[in-house]
>>> print(open('start-v2.cif').read())   # mmCIF, N, CA and C atoms
data_target
loop_
_atom_site.label_atom_id
_atom_site.label_comp_id
_atom_site.auth_asym_id
_atom_site.auth_seq_id
_atom_site.Cartn_x
_atom_site.Cartn_y
_atom_site.Cartn_z
N MET A 1 -12.79 -8.94 27.88
CA MET A 1 -11.61 -8.37 28.48
C MET A 1 -10.77 -7.65 27.43
N ASN A 2 -10.82 -8.09 26.20
CA ASN A 2 -10.00 -7.48 25.15
C ASN A 2 -10.40 -6.05 24.87
N ASN A 3 -11.65 -5.72 25.08
CA ASN A 3 -12.14 -4.38 24.77
C ASN A 3 -12.28 -3.50 26.00
N SER A 4 -11.75 -3.93 27.12
CA SER A 4 -11.88 -3.16 28.34
C SER A 4 -11.00 -1.91 28.29
N ASP A 5 -11.52 -0.85 28.83
CA ASP A 5 -10.78 0.41 28.89
C ASP A 5 -10.27 0.60 30.30
N PHE A 6 -8.97 0.52 30.48
CA PHE A 6 -8.35 0.70 31.78
C PHE A 6 -7.59 2.02 31.85
N SER A 7 -8.09 3.01 31.15
CA SER A 7 -7.40 4.29 31.14
C SER A 7 -7.43 4.92 32.53
N THR A 8 -6.45 5.76 32.79
CA THR A 8 -6.30 6.43 34.07
C THR A 8 -6.34 7.93 33.84
N LYS A 9 -7.04 8.64 34.70
CA LYS A 9 -7.04 10.09 34.62
C LYS A 9 -5.65 10.59 34.93
N GLU A 10 -5.32 11.75 34.41
CA GLU A 10 -3.96 12.27 34.54
C GLU A 10 -3.69 12.97 35.86
N ASP A 11 -4.73 13.29 36.63
CA ASP A 11 -4.46 14.01 37.88
C ASP A 11 -3.95 13.04 38.95
N VAL A 12 -3.10 13.57 39.82
CA VAL A 12 -2.42 12.77 40.82
C VAL A 12 -3.39 12.11 41.79
N GLN A 13 -4.43 12.81 42.19
CA GLN A 13 -5.39 12.25 43.15
C GLN A 13 -6.11 11.03 42.59
N SER A 14 -6.49 11.08 41.33
CA SER A 14 -7.15 9.92 40.72
C SER A 14 -6.20 8.73 40.64
N LEU A 15 -4.96 9.00 40.27
CA LEU A 15 -3.97 7.94 40.21
C LEU A 15 -3.72 7.35 41.59
N ALA A 16 -3.61 8.19 42.59
CA ALA A 16 -3.41 7.72 43.97
C ALA A 16 -4.58 6.85 44.43
N SER A 17 -5.78 7.24 44.07
CA SER A 17 -6.96 6.44 44.45
C SER A 17 -6.94 5.09 43.76
N GLU A 18 -6.54 5.06 42.51
CA GLU A 18 -6.47 3.79 41.78
C GLU A 18 -5.41 2.88 42.39
N VAL A 19 -4.27 3.43 42.78
CA VAL A 19 -3.22 2.64 43.40
C VAL A 19 -3.71 2.07 44.74
N ALA A 20 -4.40 2.87 45.52
CA ALA A 20 -4.96 2.40 46.79
C ALA A 20 -5.95 1.26 46.55
N CYS A 21 -6.73 1.39 45.51
CA CYS A 21 -7.69 0.34 45.16
C CYS A 21 -6.95 -0.95 44.79
N LEU A 22 -5.88 -0.84 44.04
CA LEU A 22 -5.11 -2.02 43.65
C LEU A 22 -4.43 -2.67 44.86
N LYS A 23 -3.97 -1.87 45.81
CA LYS A 23 -3.39 -2.42 47.04
C LYS A 23 -4.45 -3.22 47.80
N ALA A 24 -5.64 -2.68 47.89
CA ALA A 24 -6.73 -3.38 48.57
C ALA A 24 -7.08 -4.67 47.83
N LEU A 25 -7.10 -4.61 46.51
CA LEU A 25 -7.40 -5.79 45.70
C LEU A 25 -6.37 -6.89 45.94
N VAL A 26 -5.09 -6.53 45.92
CA VAL A 26 -4.04 -7.52 46.15
C VAL A 26 -4.18 -8.12 47.55
N THR A 27 -4.44 -7.29 48.54
CA THR A 27 -4.60 -7.78 49.91
C THR A 27 -5.76 -8.77 50.00
N LEU A 28 -6.89 -8.44 49.40
CA LEU A 28 -8.04 -9.33 49.44
C LEU A 28 -7.76 -10.63 48.68
N MET A 29 -7.03 -10.54 47.59
CA MET A 29 -6.67 -11.75 46.85
C MET A 29 -5.76 -12.65 47.69
N LEU A 30 -4.80 -12.04 48.37
CA LEU A 30 -3.92 -12.82 49.22
C LEU A 30 -4.70 -13.49 50.36
N LYS A 31 -5.64 -12.76 50.96
CA LYS A 31 -6.45 -13.33 52.03
C LYS A 31 -7.27 -14.52 51.53
N SER A 32 -7.74 -14.45 50.31
CA SER A 32 -8.57 -15.53 49.78
C SER A 32 -7.73 -16.76 49.40
N MET A 33 -6.43 -16.58 49.24
CA MET A 33 -5.55 -17.68 48.85
C MET A 33 -5.26 -18.64 49.98
N GLY A 34 -5.29 -18.16 51.16
CA GLY A 34 -4.87 -18.96 52.30
C GLY A 34 -3.47 -18.53 52.71
N GLN A 35 -3.16 -18.74 53.97
CA GLN A 35 -1.94 -18.21 54.56
C GLN A 35 -0.67 -18.76 53.91
N ALA A 36 -0.62 -20.05 53.64
CA ALA A 36 0.60 -20.65 53.10
C ALA A 36 0.93 -20.10 51.71
N ASP A 37 -0.06 -20.10 50.82
CA ASP A 37 0.17 -19.60 49.46
C ASP A 37 0.42 -18.11 49.44
N ALA A 38 -0.30 -17.36 50.26
CA ALA A 38 -0.10 -15.92 50.33
C ALA A 38 1.30 -15.61 50.84
N GLY A 39 1.77 -16.37 51.80
CA GLY A 39 3.12 -16.18 52.31
C GLY A 39 4.16 -16.39 51.23
N LYS A 40 3.95 -17.38 50.37
CA LYS A 40 4.86 -17.63 49.25
C LYS A 40 4.89 -16.44 48.29
N VAL A 41 3.73 -15.88 48.02
CA VAL A 41 3.65 -14.73 47.12
C VAL A 41 4.41 -13.55 47.72
N ILE A 42 4.21 -13.30 49.00
CA ILE A 42 4.87 -12.18 49.66
C ILE A 42 6.38 -12.37 49.66
N ILE A 43 6.84 -13.59 49.91
CA ILE A 43 8.27 -13.87 49.88
C ILE A 43 8.84 -13.62 48.49
N LYS A 44 8.12 -14.03 47.46
CA LYS A 44 8.58 -13.79 46.09
C LYS A 44 8.61 -12.30 45.77
N LEU A 45 7.63 -11.56 46.25
CA LEU A 45 7.63 -10.11 46.05
C LEU A 45 8.83 -9.46 46.73
N GLU A 46 9.11 -9.88 47.95
CA GLU A 46 10.25 -9.33 48.68
C GLU A 46 11.57 -9.67 47.98
N ASP A 47 11.66 -10.89 47.44
CA ASP A 47 12.85 -11.28 46.69
C ASP A 47 12.99 -10.44 45.43
N TYR A 48 11.88 -10.17 44.77
CA TYR A 48 11.88 -9.33 43.58
C TYR A 48 12.42 -7.94 43.90
N VAL A 49 11.98 -7.38 45.02
CA VAL A 49 12.44 -6.05 45.44
C VAL A 49 13.94 -6.06 45.70
N ASN A 50 14.43 -7.13 46.30
CA ASN A 50 15.85 -7.22 46.60
C ASN A 50 16.73 -7.24 45.35
N HIS A 51 16.15 -7.58 44.22
CA HIS A 51 16.91 -7.64 42.97
C HIS A 51 16.71 -6.43 42.06
N LEU A 52 15.94 -5.46 42.51
CA LEU A 52 15.76 -4.25 41.72
C LEU A 52 17.03 -3.41 41.73
N ASN A 53 17.38 -2.85 40.59
CA ASN A 53 18.58 -2.03 40.47
C ASN A 53 18.34 -0.58 40.84
N ASN A 54 17.10 -0.15 40.82
CA ASN A 54 16.76 1.24 41.11
C ASN A 54 16.39 1.36 42.59
N PRO A 55 17.24 2.01 43.40
CA PRO A 55 16.97 2.10 44.85
C PRO A 55 15.67 2.82 45.18
N GLN A 56 15.31 3.85 44.42
CA GLN A 56 14.06 4.57 44.68
C GLN A 56 12.86 3.67 44.43
N GLN A 57 12.90 2.94 43.33
CA GLN A 57 11.81 2.02 43.01
C GLN A 57 11.73 0.92 44.06
N ALA A 58 12.88 0.42 44.48
CA ALA A 58 12.91 -0.63 45.50
C ALA A 58 12.29 -0.13 46.81
N GLU A 59 12.56 1.11 47.17
CA GLU A 59 11.99 1.69 48.40
C GLU A 59 10.46 1.78 48.31
N VAL A 60 9.96 2.23 47.16
CA VAL A 60 8.51 2.34 46.96
C VAL A 60 7.87 0.97 47.00
N PHE A 61 8.46 0.00 46.31
CA PHE A 61 7.92 -1.36 46.32
C PHE A 61 7.93 -1.93 47.73
N SER A 62 9.03 -1.72 48.44
CA SER A 62 9.15 -2.24 49.80
C SER A 62 8.08 -1.67 50.71
N GLU A 63 7.87 -0.37 50.62
CA GLU A 63 6.83 0.28 51.43
C GLU A 63 5.44 -0.25 51.08
N THR A 64 5.19 -0.46 49.80
CA THR A 64 3.90 -0.99 49.36
C THR A 64 3.68 -2.40 49.90
N ILE A 65 4.72 -3.22 49.85
CA ILE A 65 4.61 -4.58 50.38
C ILE A 65 4.36 -4.55 51.88
N LYS A 66 5.01 -3.64 52.60
CA LYS A 66 4.77 -3.51 54.04
C LYS A 66 3.31 -3.16 54.32
N GLN A 67 2.75 -2.24 53.52
CA GLN A 67 1.34 -1.86 53.70
C GLN A 67 0.42 -3.05 53.45
N ILE A 68 0.70 -3.82 52.42
CA ILE A 68 -0.12 -4.97 52.08
C ILE A 68 0.00 -6.03 53.17
N LYS A 69 1.22 -6.28 53.68
CA LYS A 69 1.41 -7.25 54.74
C LYS A 69 0.66 -6.84 56.01
N THR A 70 0.70 -5.57 56.33
CA THR A 70 -0.02 -5.08 57.51
C THR A 70 -1.51 -5.30 57.37
N ALA A 71 -2.05 -4.96 56.21
CA ALA A 71 -3.49 -5.15 55.97
C ALA A 71 -3.84 -6.64 55.94
N PHE A 72 -2.95 -7.46 55.41
CA PHE A 72 -3.19 -8.89 55.34
C PHE A 72 -3.29 -9.52 56.72
N ARG A 73 -2.49 -9.02 57.65
CA ARG A 73 -2.46 -9.59 59.00
C ARG A 73 -3.66 -9.22 59.85
N LYS A 74 -4.40 -8.20 59.44
CA LYS A 74 -5.56 -7.75 60.23
C LYS A 74 -6.73 -8.69 60.05
#
>>> encode(input="start-v2.cif", output="C-alpha cells")
Amino acid sequence: MNNSDFSTKEDVQSLASEVACLKALVTLMLKSMGQADAGKVIIKLEDYVNHLNNPQQAEVFSETIKQIKTAFRK
C-alpha cells in the first residue's frame, strides 16, 4: 500500500468518473456493514456537514450523502 499510485488525471471527466466510483464504493461498504452501523455512519456524516463553515462545500457534501443514502436504500 505504501507504493501505490493513486494519481488522478487532470481532465474533469476522469475526475468525475473517479468520484462516482468512490460513491459506489462507500455505498457498497455501508451495505456490507449492516443497517445499524451504516445508519450511524450516515448520521455522523450528516453531523459533519452541519458543522462545515463553507456553505458551498456543505451543499456538495449534502448532495453526495443524499445520493449515497438513495443508493443504500435500494
>>> atom_distance(input="start-v2.cif", atom1="CA of Leu15 in chain A", atom2="CA of Lys40 in chain A")
28.5 Å
>>> atom_distance(input="start-v2.cif", atom1="CA of Met29 in chain A", atom2="CA of Glu46 in chain A")
17.2 Å
>>> atom_distance(input="start-v2.cif", atom1="atom C of Ser14 in chain A", atom2="atom N of Gly39 in chain A")
28.6 Å
>>> residues_around(input="start-v2.cif", residues="range 18-24 of chain A", least_positions_apart="5", cutoff="8 Å", atoms="all atoms listed in the file", output="list in words")
Val12, Gln13, Met29, Leu30, Thr64, Gln67 and Ile68 of chain A
>>> decode(input="start-v2.cif", residues="chain A", atoms="C-alpha atoms", output="PDB file, in the first residue's frame")
ATOM      1  CA  MET A   1       0.000   0.000   0.000  1.00  0.00           C
ATOM      2  CA  ASN A   2       2.921   2.353   0.634  1.00  0.00           C
ATOM      3  CA  ASN A   3       3.985   2.256  -3.002  1.00  0.00           C
ATOM      4  CA  SER A   4       0.527   2.537  -4.526  1.00  0.00           C
ATOM      5  CA  ASP A   5      -0.026   5.235  -7.102  1.00  0.00           C
ATOM      6  CA  PHE A   6      -3.377   6.951  -6.638  1.00  0.00           C
ATOM      7  CA  SER A   7      -2.741   9.736  -9.098  1.00  0.00           C
ATOM      8  CA  THR A   8      -5.702  11.299 -10.875  1.00  0.00           C
ATOM      9  CA  LYS A   9      -5.838  12.517 -14.437  1.00  0.00           C
ATOM     10  CA  GLU A  10      -6.323  16.242 -14.735  1.00  0.00           C
ATOM     11  CA  ASP A  11      -9.342  16.200 -17.041  1.00  0.00           C
ATOM     12  CA  VAL A  12     -12.745  16.771 -15.478  1.00  0.00           C
ATOM     13  CA  GLN A  13     -14.365  13.643 -16.929  1.00  0.00           C
ATOM     14  CA  SER A  14     -11.741  11.345 -15.409  1.00  0.00           C
ATOM     15  CA  LEU A  15     -12.102  13.044 -12.046  1.00  0.00           C
ATOM     16  CA  ALA A  16     -15.895  12.787 -12.235  1.00  0.00           C
ATOM     17  CA  SER A  17     -15.633   9.071 -13.006  1.00  0.00           C
ATOM     18  CA  GLU A  18     -13.324   8.519 -10.049  1.00  0.00           C
ATOM     19  CA  VAL A  19     -15.715  10.369  -7.726  1.00  0.00           C
ATOM     20  CA  ALA A  20     -18.626   8.237  -8.980  1.00  0.00           C
ATOM     21  CA  CYS A  21     -16.541   5.144  -8.314  1.00  0.00           C
ATOM     22  CA  LEU A  22     -15.822   6.303  -4.763  1.00  0.00           C
ATOM     23  CA  LYS A  23     -19.527   6.975  -4.151  1.00  0.00           C
ATOM     24  CA  ALA A  24     -20.317   3.438  -5.268  1.00  0.00           C
ATOM     25  CA  LEU A  25     -17.525   2.080  -3.064  1.00  0.00           C
ATOM     26  CA  VAL A  26     -18.845   3.907   0.003  1.00  0.00           C
ATOM     27  CA  THR A  27     -22.377   2.684  -0.705  1.00  0.00           C
ATOM     28  CA  LEU A  28     -21.239  -0.930  -1.025  1.00  0.00           C
ATOM     29  CA  MET A  29     -19.183  -0.630   2.159  1.00  0.00           C
ATOM     30  CA  LEU A  30     -22.192   0.722   4.033  1.00  0.00           C
ATOM     31  CA  LYS A  31     -24.371  -2.121   2.714  1.00  0.00           C
ATOM     32  CA  SER A  32     -21.841  -4.678   3.912  1.00  0.00           C
ATOM     33  CA  MET A  33     -21.761  -3.128   7.411  1.00  0.00           C
ATOM     34  CA  GLY A  34     -25.352  -3.792   8.235  1.00  0.00           C
ATOM     35  CA  GLN A  35     -28.173  -1.318   8.669  1.00  0.00           C
ATOM     36  CA  ALA A  36     -27.484  -0.239  12.262  1.00  0.00           C
ATOM     37  CA  ASP A  37     -23.792   0.541  11.793  1.00  0.00           C
ATOM     38  CA  ALA A  38     -24.333   2.105   8.377  1.00  0.00           C
ATOM     39  CA  GLY A  39     -27.010   4.334   9.870  1.00  0.00           C
ATOM     40  CA  LYS A  40     -24.534   5.531  12.496  1.00  0.00           C
ATOM     41  CA  VAL A  41     -22.005   6.389   9.799  1.00  0.00           C
ATOM     42  CA  ILE A  42     -24.581   8.333   7.804  1.00  0.00           C
ATOM     43  CA  ILE A  43     -25.688  10.248  10.905  1.00  0.00           C
ATOM     44  CA  LYS A  44     -22.070  11.164  11.649  1.00  0.00           C
ATOM     45  CA  LEU A  45     -21.578  12.308   8.050  1.00  0.00           C
ATOM     46  CA  GLU A  46     -24.680  14.482   8.243  1.00  0.00           C
ATOM     47  CA  ASP A  47     -23.472  15.951  11.544  1.00  0.00           C
ATOM     48  CA  TYR A  48     -20.098  16.674   9.944  1.00  0.00           C
ATOM     49  CA  VAL A  49     -21.825  18.553   7.117  1.00  0.00           C
ATOM     50  CA  ASN A  50     -23.806  20.608   9.616  1.00  0.00           C
ATOM     51  CA  HIS A  51     -20.551  21.859  11.132  1.00  0.00           C
ATOM     52  CA  LEU A  52     -18.856  22.880   7.890  1.00  0.00           C
ATOM     53  CA  ASN A  53     -18.147  26.606   7.637  1.00  0.00           C
ATOM     54  CA  ASN A  54     -18.147  26.696   3.838  1.00  0.00           C
ATOM     55  CA  PRO A  55     -21.769  26.718   2.565  1.00  0.00           C
ATOM     56  CA  GLN A  56     -20.789  25.611  -0.955  1.00  0.00           C
ATOM     57  CA  GLN A  57     -18.812  22.661   0.366  1.00  0.00           C
ATOM     58  CA  ALA A  58     -21.650  21.785   2.737  1.00  0.00           C
ATOM     59  CA  GLU A  59     -24.106  21.762  -0.190  1.00  0.00           C
ATOM     60  CA  VAL A  60     -21.873  19.438  -2.234  1.00  0.00           C
ATOM     61  CA  PHE A  61     -21.350  17.105   0.724  1.00  0.00           C
ATOM     62  CA  SER A  62     -25.068  17.103   1.489  1.00  0.00           C
ATOM     63  CA  GLU A  63     -25.965  16.219  -2.098  1.00  0.00           C
ATOM     64  CA  THR A  64     -23.361  13.445  -2.126  1.00  0.00           C
ATOM     65  CA  ILE A  65     -24.738  11.987   1.097  1.00  0.00           C
ATOM     66  CA  LYS A  66     -28.269  12.085  -0.364  1.00  0.00           C
ATOM     67  CA  GLN A  67     -27.051  10.143  -3.415  1.00  0.00           C
ATOM     68  CA  ILE A  68     -25.332   7.554  -1.229  1.00  0.00           C
ATOM     69  CA  LYS A  69     -28.415   7.203   1.015  1.00  0.00           C
ATOM     70  CA  THR A  70     -30.641   6.699  -2.021  1.00  0.00           C
ATOM     71  CA  ALA A  71     -28.354   4.015  -3.429  1.00  0.00           C
ATOM     72  CA  PHE A  72     -28.044   2.397   0.005  1.00  0.00           C
ATOM     73  CA  ARG A  73     -31.814   2.053   0.329  1.00  0.00           C
ATOM     74  CA  LYS A  74     -32.184   0.219  -2.996  1.00  0.00           C
TER      75      LYS A  74
END
